Amino acid sequence: MHEMSIAQSVLDIILQESRNHKVTRVLSVALKVGELSAVETESLRFCFELLTKGTPAEGAQLDIERVQVTCRCQDCGSNFAVHELIFSCPSCQGVRVEMLSGRELSVESFEAE
């Protein structure tokens with residue numbers, strides 16, 4: 001389960017930033033998680049909850065924004081959302097595409113007191 005190591009990394013980032021800004025309690029953490037990042041969000045929430053016990057982030061809400069897979073066609077220049085993992089341009093049916101989003105995994109922000 002790689003969600004445990006992801007949750008640990010998120011916690012490490014939050015705790016380091018908390019020390020830098022003299023934060024005593026983390027209230028919420030906002031993450032962006034791409035649909036192709038292979039992250040199971042409920043497992044990530046569970047692992048985050050386990051790891052935060054006894055830390056300034058204990059009880060913090062984990063807000064996860066799922067990021068849709070989008071691409072740009074290199075043949076016609078159209079941007080499009082990918083559905084059902086079909087990576088062909090709906091405008092010209094081209095398959096030479098550049099992925100624009102969908103692989104993200106980042107801490108966007110956190111709220112603290």
# chains A, B, ... in the order shown; residues from 1 in each chain; ligands from 1

call {"tool": "select_by_dssp", "arguments": {"residues": "chain A", "states": "strand (DSSP E)", "output": "ChimeraX atom specification"}}
result
/A:26-34,61-67,70-73,79-81,97-101,105-112

call {"tool": "write_last_selection", "arguments": {"atoms": "C-alpha atoms", "output": "compact mmCIF listing (two decimals), in the first residue's frame"}}
result
# COMPACT_ATOMS: atom_id res chain seq x y z
CA VAL A 26 -3.22 22.01 11.61
CA LEU A 27 -6.93 22.20 10.81
CA SER A 28 -7.06 21.03 7.20
CA VAL A 29 -4.82 19.97 4.33
CA ALA A 30 -5.69 20.43 0.65
CA LEU A 31 -4.25 17.96 -1.86
CA LYS A 32 -4.51 17.65 -5.63
CA VAL A 33 -4.51 14.04 -6.81
CA GLY A 34 -4.60 13.19 -10.51
CA GLN A 61 -9.44 17.37 7.58
CA LEU A 62 -7.88 16.01 4.41
CA ASP A 63 -9.46 17.71 1.39
CA ILE A 64 -8.65 15.84 -1.81
CA GLU A 65 -9.34 17.38 -5.20
CA ARG A 66 -9.31 14.78 -7.97
CA VAL A 67 -7.77 16.14 -11.17
CA THR A 70 -6.66 16.20 -19.98
CA CYS A 71 -4.57 16.15 -23.15
CA ARG A 72 -3.61 18.33 -26.10
CA CYS A 73 -3.66 16.86 -29.58
CA ASN A 79 -7.42 20.26 -25.69
CA PHE A 80 -9.73 17.52 -24.42
CA ALA A 81 -10.68 15.51 -21.36
CA VAL A 97 -1.27 13.60 -27.61
CA GLU A 98 0.49 15.44 -24.81
CA MET A 99 -0.86 14.90 -21.31
CA LEU A 100 -1.66 18.19 -19.59
CA SER A 101 -3.10 16.97 -16.30
CA LEU A 105 0.04 14.56 -6.46
CA SER A 106 0.69 17.72 -4.49
CA VAL A 107 0.04 19.53 -1.24
CA GLU A 108 -1.73 22.70 -2.35
CA SER A 109 -2.24 24.34 1.03
CA PHE A 110 -3.06 23.81 4.66
CA GLU A 111 -5.04 25.76 7.22
CA ALA A 112 -3.71 26.14 10.72

call {"tool": "select_by_dssp", "arguments": {"residues": "chain A", "states": "helix (DSSP H, G or I)", "output": "PyMOL selection string"}}
result
chain A and resi 3-20+41-52

call {"tool": "write_last_selection", "arguments": {"atoms": "C-alpha atoms", "output": "CSV table (one decimal), in the first residue's frame"}}
result
chain,number,residue,atom,x,y,z
A,3,GLU,CA,-0.8,5.4,0.3
A,4,MET,CA,1.0,5.0,3.6
A,5,SER,CA,4.2,6.4,2.3
A,6,ILE,CA,2.3,9.2,0.5
A,7,ALA,CA,0.5,10.1,3.7
A,8,GLN,CA,3.8,10.1,5.5
A,9,SER,CA,5.3,12.5,2.9
A,10,VAL,CA,2.3,14.8,3.2
A,11,LEU,CA,2.6,14.8,7.0
A,12,ASP,CA,6.3,15.5,6.8
A,13,ILE,CA,5.7,18.5,4.5
A,14,ILE,CA,2.9,19.8,6.8
A,15,LEU,CA,4.9,19.4,10.0
A,16,GLN,CA,8.0,21.1,8.5
A,17,GLU,CA,6.0,24.0,7.3
A,18,SER,CA,4.2,24.1,10.7
A,19,ARG,CA,7.6,24.5,12.4
A,20,ASN,CA,8.7,27.1,9.9
A,41,THR,CA,-8.2,8.3,-1.8
A,42,GLU,CA,-10.0,6.5,1.0
A,43,SER,CA,-6.8,4.5,1.8
A,44,LEU,CA,-4.9,7.8,1.8
A,45,ARG,CA,-7.4,9.3,4.2
A,46,PHE,CA,-7.1,6.3,6.5
A,47,CYS,CA,-3.3,6.3,6.5
A,48,PHE,CA,-3.2,10.1,7.1
A,49,GLU,CA,-5.5,9.7,10.1
A,50,LEU,CA,-3.4,7.0,11.6
A,51,LEU,CA,-0.1,8.9,11.1
A,52,THR,CA,-1.3,12.2,12.4

call {"tool": "atom_distance", "arguments": {"atom1": "atom CA of A:Thr55", "atom2": "atom CA of A:His21"}}
result
15.6 Å

call {"tool": "residues_around", "arguments": {"residues": "A:Val82", "least_positions_apart": "4", "cutoff": "9 Å", "atoms": "only C-alpha atoms", "output": "PyMOL selection string"}}
result
chain A and resi 68-71+86-89
